[in-house]
$ cat input_9.cif   # mmCIF, C-alpha atoms
data_query
#
loop_
_atom_site.label_atom_id
_atom_site.label_comp_id
_atom_site.auth_asym_id
_atom_site.auth_seq_id
_atom_site.Cartn_x
_atom_site.Cartn_y
_atom_site.Cartn_z
CA MET I 1 -22.46 22.20 -97.62
CA ASN I 2 -23.19 18.55 -98.09
CA ALA I 3 -25.10 16.04 -100.16
CA THR I 4 -28.60 16.53 -98.82
CA ALA I 5 -29.39 20.00 -100.19
CA PRO I 6 -33.04 20.39 -101.16
CA VAL I 7 -33.37 19.07 -104.68
CA SER I 8 -36.01 19.13 -107.34
CA THR I 9 -38.78 16.59 -107.25
CA SER I 10 -40.47 17.57 -110.48
CA ALA I 11 -39.31 17.26 -114.06
CA PRO I 12 -37.75 20.39 -115.64
CA VAL I 13 -39.95 22.18 -118.14
CA VAL I 14 -37.23 23.07 -120.66
CA SER I 15 -34.58 21.43 -122.82
CA GLY I 16 -31.78 22.35 -125.26
CA PRO I 17 -30.62 25.99 -125.37
CA ASP I 18 -33.48 27.02 -123.08
CA ARG I 19 -32.17 24.64 -120.48
CA ASP I 20 -28.62 26.02 -120.84
CA ALA I 21 -30.02 29.52 -120.31
CA LEU I 22 -31.91 28.37 -117.23
CA VAL I 23 -28.71 26.85 -115.81
CA GLN I 24 -26.99 30.23 -116.28
CA TYR I 25 -29.95 32.03 -114.74
CA LEU I 26 -29.89 29.80 -111.65
CA ILE I 27 -26.14 30.20 -111.24
CA ARG I 28 -26.49 34.01 -111.35
CA LEU I 29 -29.13 33.97 -108.64
CA GLY I 30 -26.99 31.65 -106.57
CA ASP I 31 -23.95 33.90 -107.12
CA ASP I 32 -25.84 36.99 -105.89
CA ALA I 33 -26.84 35.17 -102.73
CA LEU I 34 -23.44 33.52 -102.14
CA ILE I 35 -21.34 36.65 -102.51
CA LEU I 36 -23.71 38.76 -100.41
CA SER I 37 -23.71 36.08 -97.72
CA HIS I 38 -19.92 36.11 -97.75
CA ARG I 39 -19.87 39.87 -97.16
CA LEU I 40 -22.33 39.48 -94.29
CA ALA I 41 -20.33 36.61 -92.81
CA GLU I 42 -17.32 38.94 -92.62
CA TRP I 43 -19.15 40.62 -89.72
CA CYS I 44 -19.11 37.41 -87.68
CA ALA I 45 -17.66 38.29 -84.25
CA LYS I 46 -17.14 41.90 -85.41
CA ALA I 47 -20.66 43.33 -85.54
CA PRO I 48 -21.42 46.43 -83.43
CA GLU I 49 -23.36 44.37 -80.89
CA LEU I 50 -24.07 40.72 -80.10
CA GLU I 51 -27.65 40.80 -81.40
CA GLU I 52 -26.43 42.24 -84.68
CA ASP I 53 -23.77 39.58 -84.94
CA LEU I 54 -26.50 36.94 -84.72
CA ALA I 55 -28.77 38.81 -87.12
CA LEU I 56 -26.14 39.22 -89.86
CA THR I 57 -25.01 35.61 -89.67
CA ASN I 58 -28.65 34.45 -89.65
CA ILE I 59 -29.31 36.43 -92.81
CA ALA I 60 -26.09 35.08 -94.33
CA LEU I 61 -27.28 31.56 -93.50
CA ASP I 62 -30.60 32.09 -95.29
CA LEU I 63 -28.65 33.31 -98.32
CA VAL I 64 -26.37 30.26 -98.26
CA GLY I 65 -29.50 28.11 -98.17
CA GLN I 66 -30.88 29.86 -101.23
CA THR I 67 -27.50 29.47 -102.94
CA ARG I 68 -27.50 25.73 -102.28
CA SER I 69 -30.95 25.30 -103.79
CA PHE I 70 -30.07 27.29 -106.93
CA TYR I 71 -26.69 25.60 -107.47
CA THR I 72 -28.00 22.11 -106.80
CA TYR I 73 -30.82 22.53 -109.31
CA ALA I 74 -28.42 24.09 -111.84
CA GLY I 75 -26.10 21.10 -111.48
CA GLU I 76 -28.97 18.66 -111.97
CA LEU I 77 -30.28 20.41 -115.08
CA GLU I 78 -26.83 20.71 -116.57
CA GLY I 79 -26.34 16.96 -116.19
CA LYS I 80 -22.55 17.03 -116.04
CA GLY I 81 -22.37 15.85 -112.47
CA ARG I 82 -21.45 19.23 -110.96
CA THR I 83 -22.52 19.53 -107.32
CA GLU I 84 -23.34 22.68 -105.37
CA ASP I 85 -19.80 22.60 -103.98
CA ASP I 86 -18.20 22.37 -107.44
CA ILE I 87 -20.18 25.40 -108.55
CA ALA I 88 -19.46 27.37 -105.38
CA PHE I 89 -15.76 26.67 -105.04
CA LEU I 90 -14.27 25.65 -108.38
CA ARG I 91 -14.97 28.45 -110.83
CA GLU I 92 -12.79 31.34 -112.01
CA GLU I 93 -13.67 34.95 -111.27
CA ARG I 94 -15.05 35.57 -114.77
CA ASP I 95 -17.49 32.68 -114.34
CA TYR I 96 -19.23 34.35 -111.38
CA ARG I 97 -22.22 36.36 -112.57
CA ASN I 98 -23.37 38.22 -109.46
CA VAL I 99 -24.29 41.89 -109.64
CA LEU I 100 -21.50 44.27 -108.59
CA LEU I 101 -23.53 45.64 -105.67
CA VAL I 102 -23.24 42.48 -103.57
CA GLU I 103 -19.43 42.33 -103.78
CA GLN I 104 -18.88 45.92 -102.60
CA PRO I 105 -16.87 46.00 -99.36
CA ASN I 106 -18.33 46.48 -95.90
CA GLU I 107 -16.38 49.74 -95.28
CA ASP I 108 -18.47 50.54 -92.20
CA PHE I 109 -21.76 49.29 -90.77
CA ALA I 110 -23.70 51.93 -92.70
CA HIS I 111 -22.32 50.61 -96.00
CA ALA I 112 -23.26 47.05 -95.07
CA MET I 113 -26.83 48.01 -94.19
CA ALA I 114 -27.24 50.31 -97.21
CA ARG I 115 -26.02 47.53 -99.52
CA GLN I 116 -28.38 45.05 -97.90
CA PHE I 117 -31.31 47.44 -98.06
CA LEU I 118 -30.81 48.41 -101.72
CA PHE I 119 -30.48 44.74 -102.67
CA ASP I 120 -33.36 43.41 -100.54
CA ALA I 121 -35.73 46.12 -101.78
CA MET I 122 -35.25 44.54 -105.24
CA SER I 123 -35.01 40.96 -103.96
CA LEU I 124 -38.43 40.92 -102.25
CA PRO I 125 -40.55 41.84 -105.31
CA PHE I 126 -38.20 39.68 -107.42
CA PHE I 127 -38.89 36.54 -105.39
CA GLU I 128 -42.60 37.40 -105.13
CA ALA I 129 -42.73 37.39 -108.92
CA LEU I 130 -40.47 34.33 -109.24
CA SER I 131 -42.89 32.42 -106.98
CA ASN I 132 -45.16 32.20 -110.04
CA SER I 133 -42.44 30.68 -112.23
CA LYS I 134 -43.61 27.99 -114.62
CA ASP I 135 -40.69 25.86 -113.46
CA PRO I 136 -42.02 24.22 -110.28
CA THR I 137 -38.58 23.85 -108.67
CA VAL I 138 -37.72 27.52 -109.28
CA ALA I 139 -41.14 28.53 -107.91
CA GLY I 140 -40.55 26.38 -104.83
CA ILE I 141 -37.15 27.96 -104.10
CA ALA I 142 -38.67 31.43 -104.56
CA GLN I 143 -41.66 30.77 -102.31
CA LYS I 144 -39.24 29.75 -99.59
CA ALA I 145 -36.92 32.72 -100.17
CA VAL I 146 -39.64 35.36 -100.21
CA LYS I 147 -40.52 34.69 -96.58
CA GLU I 148 -36.90 35.03 -95.51
CA VAL I 149 -36.16 38.13 -97.58
CA ARG I 150 -39.15 39.88 -96.01
CA TYR I 151 -37.33 39.67 -92.66
CA HIS I 152 -34.00 40.72 -94.22
CA LEU I 153 -35.50 43.81 -95.84
CA ARG I 154 -37.25 44.79 -92.67
CA HIS I 155 -34.04 44.47 -90.70
CA ALA I 156 -31.94 46.49 -93.15
CA ALA I 157 -34.65 49.16 -93.55
CA GLU I 158 -34.83 49.61 -89.77
CA TRP I 159 -31.08 50.25 -89.66
CA VAL I 160 -31.18 52.70 -92.57
CA ILE I 161 -33.85 54.64 -90.67
CA ARG I 162 -32.12 54.36 -87.29
CA LEU I 163 -28.78 55.58 -88.63
CA GLY I 164 -30.19 58.12 -91.10
CA ASP I 165 -32.45 59.67 -88.47
CA GLY I 166 -29.87 59.22 -85.72
CA THR I 167 -26.90 61.37 -84.79
CA GLU I 168 -25.12 63.80 -87.05
CA GLU I 169 -22.34 61.25 -87.49
CA SER I 170 -24.61 58.28 -88.25
CA HIS I 171 -26.65 60.41 -90.69
CA ARG I 172 -23.51 61.50 -92.51
CA ARG I 173 -22.24 57.94 -92.79
CA MET I 174 -25.54 56.47 -93.99
CA GLN I 175 -25.95 59.22 -96.60
CA ALA I 176 -22.38 58.60 -97.78
CA ALA I 177 -23.07 54.87 -98.05
CA ILE I 178 -26.27 55.38 -100.06
CA ASP I 179 -24.48 57.88 -102.33
CA GLU I 180 -21.51 55.56 -102.94
CA LEU I 181 -23.61 52.47 -103.61
CA TRP I 182 -26.22 54.19 -105.78
CA PRO I 183 -24.28 53.73 -109.05
CA TYR I 184 -24.50 49.96 -108.50
CA THR I 185 -28.31 49.89 -108.38
CA GLY I 186 -28.86 50.28 -112.13
CA GLU I 187 -27.48 46.79 -112.77
CA LEU I 188 -30.21 45.27 -110.58
CA PHE I 189 -32.76 46.00 -113.31
CA ALA I 190 -30.64 45.49 -116.44
CA MET I 191 -32.04 42.79 -118.72
CA ASP I 192 -29.88 40.69 -121.05
CA ASP I 193 -30.59 37.77 -123.41
CA ILE I 194 -30.80 35.24 -120.60
CA ASP I 195 -33.32 37.36 -118.67
CA ARG I 196 -35.41 37.92 -121.78
CA ARG I 197 -35.40 34.23 -122.63
CA MET I 198 -36.46 33.33 -119.09
CA VAL I 199 -39.26 35.91 -119.18
CA ALA I 200 -40.44 34.61 -122.56
CA LEU I 201 -40.60 31.08 -121.15
CA GLY I 202 -42.53 32.23 -118.09
CA ILE I 203 -39.73 30.99 -115.84
CA GLY I 204 -37.94 34.24 -114.94
CA VAL I 205 -38.83 37.77 -113.89
CA ASP I 206 -39.08 40.97 -115.95
CA LEU I 207 -36.56 43.10 -114.02
CA GLU I 208 -37.94 46.32 -115.51
CA SER I 209 -41.19 45.65 -113.70
CA LEU I 210 -39.32 45.71 -110.37
CA ARG I 211 -38.12 49.32 -110.71
CA GLU I 212 -41.38 50.78 -109.52
CA PRO I 213 -41.85 48.70 -106.33
CA TRP I 214 -38.11 49.08 -105.58
CA SER I 215 -38.32 52.83 -106.01
CA ARG I 216 -41.37 53.05 -103.79
CA THR I 217 -39.68 51.13 -100.94
CA VAL I 218 -36.47 53.16 -101.30
CA ASP I 219 -38.34 56.49 -101.27
CA GLU I 220 -40.45 55.49 -98.27
CA VAL I 221 -37.47 54.39 -96.18
CA LEU I 222 -35.06 57.18 -97.21
CA SER I 223 -37.69 59.78 -96.45
CA GLU I 224 -38.35 58.34 -92.99
CA ALA I 225 -34.59 58.20 -92.49
CA THR I 226 -34.28 61.92 -93.41
CA LEU I 227 -31.88 60.91 -96.19
CA THR I 228 -31.69 62.28 -99.71
CA ARG I 229 -32.24 60.00 -102.68
CA PRO I 230 -29.24 60.46 -105.01
CA ALA I 231 -29.85 61.52 -108.60
CA ASP I 232 -29.50 58.74 -111.16
CA GLY I 233 -26.23 59.24 -113.01
CA TRP I 234 -23.70 56.87 -114.54
CA MET I 235 -24.55 53.30 -113.54
CA GLN I 236 -21.88 50.63 -113.14
CA SER I 237 -22.40 47.24 -114.74
CA GLY I 238 -20.45 44.14 -115.74
CA GLY I 239 -21.14 41.57 -113.03
CA ARG I 240 -23.70 39.70 -115.11
CA SER I 241 -21.09 39.17 -117.84
CA GLY I 242 -18.31 38.28 -115.41
CA ARG I 243 -16.50 41.65 -115.36
CA HIS I 244 -16.14 42.35 -111.66
CA SER I 245 -14.83 45.12 -109.45
CA GLU I 246 -11.36 44.81 -107.90
CA TYR I 247 -12.87 43.35 -104.72
CA MET I 248 -14.09 40.09 -106.26
CA GLY I 249 -10.71 38.38 -106.45
CA TYR I 250 -10.12 38.89 -102.73
CA ILE I 251 -13.53 37.45 -101.89
CA LEU I 252 -12.84 34.35 -103.98
CA ALA I 253 -9.35 33.96 -102.54
CA GLU I 254 -10.90 33.61 -99.10
CA LEU I 255 -13.97 31.67 -100.22
CA GLN I 256 -12.10 29.13 -102.34
CA TYR I 257 -8.87 28.83 -100.38
CA MET I 258 -9.61 25.48 -98.78
CA GLN I 259 -10.78 23.71 -101.95
CA ARG I 260 -7.90 25.12 -103.97
CA ALA I 261 -5.24 24.22 -101.40
CA TYR I 262 -6.69 20.79 -100.61
CA PRO I 263 -8.71 19.70 -103.67
CA ASN I 264 -11.78 17.55 -102.90
CA MET I 265 -11.28 17.82 -99.15
CA LYS I 266 -14.38 17.34 -97.04
CA TRP I 267 -15.17 18.14 -93.44
CA MET W 1 -59.65 -6.38 -102.70
CA SER W 2 -58.58 -2.80 -103.26
CA ASP W 3 -60.33 -1.85 -100.01
CA VAL W 4 -58.24 -4.36 -98.11
CA THR W 5 -55.06 -3.02 -99.72
CA SER W 6 -55.90 0.58 -98.92
CA ILE W 7 -56.80 -0.26 -95.33
CA ALA W 8 -53.51 -2.13 -94.92
CA ARG W 9 -51.68 0.82 -96.45
CA SER W 10 -53.34 3.38 -94.22
CA ARG W 11 -52.53 1.19 -91.23
CA SER W 12 -48.86 1.10 -92.09
CA GLU W 13 -48.87 4.83 -92.87
CA LYS W 14 -50.17 5.37 -89.38
CA ALA W 15 -47.41 3.15 -88.00
CA VAL W 16 -44.81 5.30 -89.78
CA TRP W 17 -46.38 8.51 -88.46
CA ASP W 18 -46.31 7.02 -84.95
CA ILE W 19 -42.57 6.42 -85.26
CA LEU W 20 -42.03 9.97 -86.51
CA THR W 21 -43.85 11.51 -83.53
CA HIS W 22 -40.94 10.20 -81.44
CA VAL W 23 -38.23 11.90 -83.53
CA PRO W 24 -37.27 15.12 -81.71
CA ASP W 25 -36.23 18.31 -83.48
CA PRO W 26 -32.43 18.47 -83.04
CA GLU W 27 -32.43 22.13 -81.96
CA ILE W 28 -35.67 22.14 -79.95
CA PRO W 29 -35.85 18.60 -78.57
CA ALA W 30 -39.06 19.39 -76.66
CA VAL W 31 -41.02 19.08 -79.90
CA SER W 32 -41.08 16.34 -82.52
CA VAL W 33 -40.59 16.80 -86.24
CA VAL W 34 -44.32 16.04 -86.60
CA ASP W 35 -45.26 18.75 -84.05
CA LEU W 36 -43.31 21.27 -86.12
CA GLY W 37 -45.04 20.31 -89.37
CA ILE W 38 -41.71 19.41 -90.99
CA VAL W 39 -42.99 16.00 -92.13
CA ARG W 40 -45.20 16.68 -95.14
CA GLU W 41 -46.06 13.26 -96.42
CA VAL W 42 -45.68 9.56 -95.77
CA ARG W 43 -45.93 7.32 -98.83
CA VAL W 44 -46.25 3.60 -98.38
CA GLY W 45 -46.29 1.35 -101.43
CA GLY W 46 -45.68 -2.34 -100.83
CA ASP W 47 -42.41 -2.55 -98.93
CA ALA W 48 -41.27 0.91 -100.00
CA VAL W 49 -41.63 3.77 -97.54
CA GLU W 50 -40.89 7.36 -98.43
CA VAL W 51 -41.05 10.27 -96.02
CA VAL W 52 -41.12 13.81 -97.42
CA ILE W 53 -39.74 16.56 -95.20
CA THR W 54 -39.45 20.31 -95.78
CA PRO W 55 -36.93 22.76 -94.26
CA THR W 56 -38.12 25.56 -92.00
CA TYR W 57 -35.58 27.99 -93.50
CA SER W 58 -33.56 27.55 -96.72
CA GLY W 59 -30.30 27.52 -94.82
CA CYS W 60 -31.45 25.75 -91.67
CA PRO W 61 -28.52 23.47 -90.75
CA ALA W 62 -30.91 21.23 -88.78
CA THR W 63 -32.57 20.01 -91.99
CA ASP W 64 -29.73 17.62 -92.78
CA VAL W 65 -29.73 16.29 -89.23
CA ILE W 66 -33.52 15.86 -89.30
CA ALA W 67 -33.30 13.85 -92.54
CA ARG W 68 -30.72 11.58 -90.94
CA ASP W 69 -32.66 11.23 -87.66
CA VAL W 70 -35.90 10.38 -89.47
CA ALA W 71 -34.16 7.78 -91.64
CA ALA W 72 -32.40 6.27 -88.61
CA ALA W 73 -35.65 6.01 -86.61
CA LEU W 74 -37.42 4.24 -89.48
CA HIS W 75 -34.50 1.91 -90.15
CA LYS W 76 -34.41 0.94 -86.49
CA ASN W 77 -38.17 0.37 -86.26
CA GLY W 78 -38.77 -2.12 -89.03
CA TYR W 79 -38.39 -0.06 -92.20
CA PRO W 80 -34.79 -0.75 -93.28
CA ASP W 81 -35.38 0.57 -96.82
CA ALA W 82 -37.22 3.77 -95.90
CA ARG W 83 -36.17 6.82 -97.91
CA VAL W 84 -36.28 10.45 -96.84
CA THR W 85 -36.66 13.16 -99.48
CA THR W 86 -36.73 16.95 -99.17
CA SER W 87 -39.30 19.17 -100.83
CA LEU W 88 -39.35 22.99 -100.83
CA SER W 89 -42.85 23.49 -102.14
CA PRO W 90 -45.28 24.37 -100.68
CA ALA W 91 -43.02 26.44 -98.42
CA TRP W 92 -43.13 25.63 -94.73
CA THR W 93 -45.20 27.95 -92.57
CA THR W 94 -45.43 28.27 -88.79
CA ASP W 95 -49.18 27.59 -89.20
CA TRP W 96 -48.22 23.92 -89.64
CA ILE W 97 -47.00 23.73 -86.05
CA THR W 98 -49.66 21.69 -84.26
CA ASP W 99 -51.59 22.94 -81.21
CA GLU W 100 -49.82 20.29 -79.18
CA GLY W 101 -46.50 21.53 -80.58
CA ARG W 102 -47.34 25.11 -79.61
CA GLU W 103 -48.11 24.06 -76.04
CA LYS W 104 -44.83 22.09 -75.85
CA LEU W 105 -42.90 25.11 -77.11
CA ARG W 106 -44.48 27.34 -74.49
CA ALA W 107 -43.75 24.84 -71.71
CA PHE W 108 -40.14 24.66 -72.97
CA GLY W 109 -39.82 28.47 -72.63
CA ILE W 110 -40.28 29.45 -76.28
CA ALA W 111 -43.18 31.73 -77.15
CA PRO W 112 -45.06 30.06 -80.04
CA PRO W 113 -45.72 31.96 -83.28
CA PRO W 114 -49.04 33.73 -83.93
CA ARG W 115 -51.39 32.22 -86.53
CA MET W 116 -51.12 33.44 -90.10
CA GLU W 117 -54.14 35.77 -90.05
CA ARG W 118 -52.32 37.91 -87.48
CA ARG W 119 -49.01 37.93 -89.33
CA ILE W 120 -46.98 40.96 -90.34
CA LYS W 121 -48.94 42.84 -92.95
CA SER W 122 -46.55 45.59 -94.04
CA LEU W 123 -42.84 46.23 -94.16
CA LEU W 124 -42.66 48.26 -90.96
CA GLY W 125 -46.11 47.40 -89.59
CA GLU W 126 -46.98 46.51 -86.04
CA GLU W 127 -46.74 42.90 -84.92
CA PRO W 128 -49.21 41.24 -82.54
CA PRO W 129 -48.08 41.18 -78.89
CA VAL W 130 -46.00 38.20 -77.80
CA ALA W 131 -46.82 36.67 -74.42
CA CYS W 132 -43.98 35.75 -72.08
CA PRO W 133 -43.81 31.95 -71.86
CA ARG W 134 -42.85 32.20 -68.19
CA CYS W 135 -45.38 34.63 -66.65
CA GLY W 136 -47.86 35.13 -69.49
CA SER W 137 -47.53 38.93 -69.58
CA THR W 138 -47.84 40.58 -73.00
CA ASP W 139 -45.71 43.49 -71.77
CA THR W 140 -42.72 42.20 -73.72
CA LYS W 141 -40.04 43.78 -75.88
CA LYS W 142 -38.38 42.50 -79.03
CA VAL W 143 -34.61 42.64 -78.64
CA SER W 144 -33.80 41.30 -82.10
CA ASN W 145 -35.66 39.69 -84.98
CA PHE W 146 -32.83 37.16 -85.22
CA GLY W 147 -32.15 34.80 -82.34
CA SER W 148 -30.31 31.61 -81.44
CA THR W 149 -31.58 29.72 -84.52
CA PRO W 150 -32.94 30.91 -87.90
CA CYS W 151 -36.53 30.31 -86.75
CA LYS W 152 -36.42 32.35 -83.57
CA ALA W 153 -36.45 36.01 -82.50
CA HIS W 154 -35.07 37.27 -79.20
CA PHE W 155 -37.44 38.90 -76.66
CA THR W 156 -37.40 40.16 -73.08
CA CYS W 157 -40.36 40.29 -70.68
CA ASN W 158 -40.82 43.70 -69.04
CA ALA W 159 -42.97 42.19 -66.27
CA CYS W 160 -40.79 39.35 -64.99
CA LEU W 161 -37.56 40.38 -66.78
CA GLU W 162 -37.15 36.92 -68.34
CA PRO W 163 -35.26 36.89 -71.65
CA PHE W 164 -36.88 34.39 -74.02
CA ASP W 165 -37.01 33.06 -77.57
CA HIS W 166 -40.01 33.68 -79.80
CA PHE W 167 -40.66 31.28 -82.66
CA LYS W 168 -41.16 33.83 -85.38
CA CYS W 169 -44.03 33.84 -87.82
CA LEU W 170 -43.16 32.58 -91.28
#

$ encode --input "input_9.cif" --output "structure tokens"
Amino acid sequence: MNATAPVSTSAPVVSGPDRDALVQYLIRLGDDALILSHRLAEWCAKAPELEEDLALTNIALDLVGQTRSFYTYAGELEGKGRTEDDIAFLREERDYRNVLLVEQPNEDFAHAMARQFLFDAMSLPFFEALSNSKDPTVAGIAQKAVKEVRYHLRHAAEWVIRLGDGTEESHRRMQAAIDELWPYTGELFAMDDIDRRMVALGIGVDLESLREPWSRTVDEVLSEATLTRPADGWMQSGGRSGRHSEYMGYILAELQYMQRAYPNMKW
Amino acid sequence: MSDVTSIARSRSEKAVWDILTHVPDPEIPAVSVVDLGIVREVRVGGDAVEVVITPTYSGCPATDVIARDVAAALHKNGYPDARVTTSLSPAWTTDWITDEGREKLRAFGIAPPPRMERRIKSLLGEEPPVACPRCGSTDTKKVSNFGSTPCKAHFTCNACLEPFDHFKCL
């Protein structure tokens, strides 16, 4: 990352506590994208085939781009001089507010694609709605992201179908991945005070309204993939308040290593 | 008086655009940043020149290089104080690639993107056929939606067997 990340050109529409909430909101969105991109980047040079290696790192790159835009704008609004790099590399685990789904380990290729699919199926209608944000900078980031996420969702959905409706082995693995990740999907639609404040201001998205389009995409793809939609049971949560799964610390150890070992180093 | 000022301004805007048509895209040097529709606006006010560019993809690493190249070209050609700013909105679309740019892409071996009205309509919908930039056949196969750069997909021609890049529709 460096100093020329896309920045806002228009004045923010909020101040005071509303602005603090918007900063938190932006950091969450950036955290979702950053941690998911890190998981995808773990496939670099290890994907099942060369084309997939390129695809996963391309998608990871789009997500890093979204992260940069969200963090940079958050830093500007906050006004304490934090840059995108400060926000990405110099926070403690409890300060990261990504949903638990994106930090779940790759396990196998089926898990990686199931995780991507379940997340993107929410992310696409989310960014479509966020494109109408009353904050022009947020709307601009979303309008950019929506075009990219459309490709990501398509890619992940194709793999869910290919593996689900593939061999006995690939079907078993994809069903196992969907089953294991299902308890992390409830958090995608959980609203807290920050979400409600952003909705009230016309800046953020009502996550409840995304359940229906998400469900429709999931049903359509799982059915074509000959997979069974798991029943909704206990749903995991905690990421949005900084309580992460055991995997998060390992991700940050790798992600932050360089800045922690050599503070302020640049390359 | 104001007419004279606005004529002078439009003249110097044109001069800036002329310089920018000679700034190549760092990853596809066959086309300029103007051909690709990356330059959104040129603002000239007195001695101040500001050029607004927009990234093709959020994470496109070329954006930083483009900003530097554009600034360097202007500094070298008589605008030492020119500033380059980045704007995300409205989001870049492949429809902004000029006709000339499309022809240059094709000649360079990259199949240009279809126009917006023919873009992907549904999640798993059919895409319009992509013509091979080498032999022109539309009997082509998509190998991967993700290619050598964020903006390109990877194709193969079934007729002449040429593997090629396709600038994907955005």

$ atom_distance --input "input_9.cif" --atom1 "CA of Ser209 in chain I" --atom2 "CA of Ser131 in chain I"
14.9 Å

$ closest_atom_pairs --input "input_9.cif" --of "chain I" --to "chain W" --cutoff "6 Å" --atoms "only C-alpha atoms" --output "JSON lines"
{"residue": "I:Pro6", "atom": "CA", "partner": "W:Thr86", "partner_atom": "CA", "distance": 5.4}
{"residue": "I:Ala55", "atom": "CA", "partner": "W:Phe146", "partner_atom": "CA", "distance": 4.8}
{"residue": "I:Asn58", "atom": "CA", "partner": "W:Pro150", "partner_atom": "CA", "distance": 5.8}
{"residue": "I:Leu61", "atom": "CA", "partner": "W:Gly59", "partner_atom": "CA", "distance": 5.2}
{"residue": "I:Asp62", "atom": "CA", "partner": "W:Gly59", "partner_atom": "CA", "distance": 4.6}
{"residue": "I:Val64", "atom": "CA", "partner": "W:Gly59", "partner_atom": "CA", "distance": 5.9}
{"residue": "I:Gly65", "atom": "CA", "partner": "W:Gly59", "partner_atom": "CA", "distance": 3.5}
{"residue": "I:Gln66", "atom": "CA", "partner": "W:Ser58", "partner_atom": "CA", "distance": 5.7}
{"residue": "I:Gly140", "atom": "CA", "partner": "W:Ser89", "partner_atom": "CA", "distance": 4.6}
{"residue": "I:Gln143", "atom": "CA", "partner": "W:Ala91", "partner_atom": "CA", "distance": 6.0}
{"residue": "I:Lys144", "atom": "CA", "partner": "W:Ala91", "partner_atom": "CA", "distance": 5.2}
{"residue": "I:Arg154", "atom": "CA", "partner": "W:Leu123", "partner_atom": "CA", "distance": 6.0}

$ residues_around --input "input_9.cif" --residues "range 26-30 of chain W" --least-positions-apart "3" --cutoff "9 Å" --atoms "only C-alpha atoms" --output "PyMOL selection string"
chain W and resi 23+33+62+65-66+69+101+104-105+107-108+149

$ atom_distance --input "input_9.cif" --atom1 "CA of Leu255 in chain I" --atom2 "CA of Ala60 in chain I"
13.9 Å

$ resolve_selection --input "input_9.cif" --expression "the PyMOL selection byres ((chain I and resi 70-77) around 6)" --output "PDB file with C-alpha atoms, in the coordinates of the input"
ATOM      1  CA  VAL I  23     -28.710  26.850-115.810  1.00  0.00           C
ATOM      2  CA  LEU I  26     -29.890  29.800-111.650  1.00  0.00           C
ATOM      3  CA  ILE I  27     -26.140  30.200-111.240  1.00  0.00           C
ATOM      4  CA  GLY I  30     -26.990  31.650-106.570  1.00  0.00           C
ATOM      5  CA  THR I  67     -27.500  29.470-102.940  1.00  0.00           C
ATOM      6  CA  ARG I  68     -27.500  25.730-102.280  1.00  0.00           C
ATOM      7  CA  SER I  69     -30.950  25.300-103.790  1.00  0.00           C
ATOM      8  CA  GLU I  78     -26.830  20.710-116.570  1.00  0.00           C
ATOM      9  CA  GLY I  79     -26.340  16.960-116.190  1.00  0.00           C
ATOM     10  CA  ARG I  82     -21.450  19.230-110.960  1.00  0.00           C
ATOM     11  CA  THR I  83     -22.520  19.530-107.320  1.00  0.00           C
ATOM     12  CA  GLU I  84     -23.340  22.680-105.370  1.00  0.00           C
TER      13      GLU I  84
END

$ atom_distance --input "input_9.cif" --atom1 "CA of Leu34 in chain I" --atom2 "CA of Ala88 in chain I"
8.0 Å

$ resolve_selection --input "input_9.cif" --expression "the PyMOL selection byres ((chain W and resi 80) around 12)" --output "list of chain:residue names"
W:Asp47, W:Ala48, W:Val49, W:Glu50, W:Val70, W:Ala71, W:Ala72, W:Ala73, W:Leu74, W:His75, W:Lys76, W:Asn77, W:Gly78, W:Tyr79, W:Asp81, W:Ala82, W:Arg83, W:Val84

$ resolve_selection --input "input_9.cif" --expression "the PyMOL selection byres ((chain W and resi 99) around 12)" --output "list in words"
Val31, Val34, Asp35, Leu36, Gly37, Thr94, Asp95, Trp96, Ile97, Thr98, Glu100, Gly101, Arg102, Glu103, Lys104, Leu105, Arg106, Pro112, Pro113, Pro114 and Arg115 of chain W

$ write_last_selection --input "input_9.cif" --atoms "C-alpha atoms" --output "compact mmCIF listing (two decimals), keeping the file's coordinate frame"
# COMPACT_ATOMS: atom_id res chain seq x y z
CA VAL W 31 -41.02 19.08 -79.90
CA VAL W 34 -44.32 16.04 -86.60
CA ASP W 35 -45.26 18.75 -84.05
CA LEU W 36 -43.31 21.27 -86.12
CA GLY W 37 -45.04 20.31 -89.37
CA THR W 94 -45.43 28.27 -88.79
CA ASP W 95 -49.18 27.59 -89.20
CA TRP W 96 -48.22 23.92 -89.64
CA ILE W 97 -47.00 23.73 -86.05
CA THR W 98 -49.66 21.69 -84.26
CA GLU W 100 -49.82 20.29 -79.18
CA GLY W 101 -46.50 21.53 -80.58
CA ARG W 102 -47.34 25.11 -79.61
CA GLU W 103 -48.11 24.06 -76.04
CA LYS W 104 -44.83 22.09 -75.85
CA LEU W 105 -42.90 25.11 -77.11
CA ARG W 106 -44.48 27.34 -74.49
CA PRO W 112 -45.06 30.06 -80.04
CA PRO W 113 -45.72 31.96 -83.28
CA PRO W 114 -49.04 33.73 -83.93
CA ARG W 115 -51.39 32.22 -86.53

$ residues_around --input "input_9.cif" --residues "range 89-98 of chain I" --least-positions-apart "4" --cutoff "9 Å" --atoms "all atoms listed in the file" --output "ChimeraX atom specification"
/I:24,27-35,84-85,102-103,238-244,248-249,252,255-260

$ closest_residue --input "input_9.cif" --among "W:Val130, W:Gly109, W:Gly136, W:Gly45" --to "Phe164 in chain W" --atoms "all atoms listed in the file"
W:Gly109

$ axis_aligned_box --input "input_9.cif" --around "range 107-116 of chain W" --padding-each-side "3 Å" --output "JSON"
{"center_x": -45.6, "center_y": 29.2, "center_z": -80.9, "size_x": 17.6, "size_y": 15.1, "size_z": 24.4}
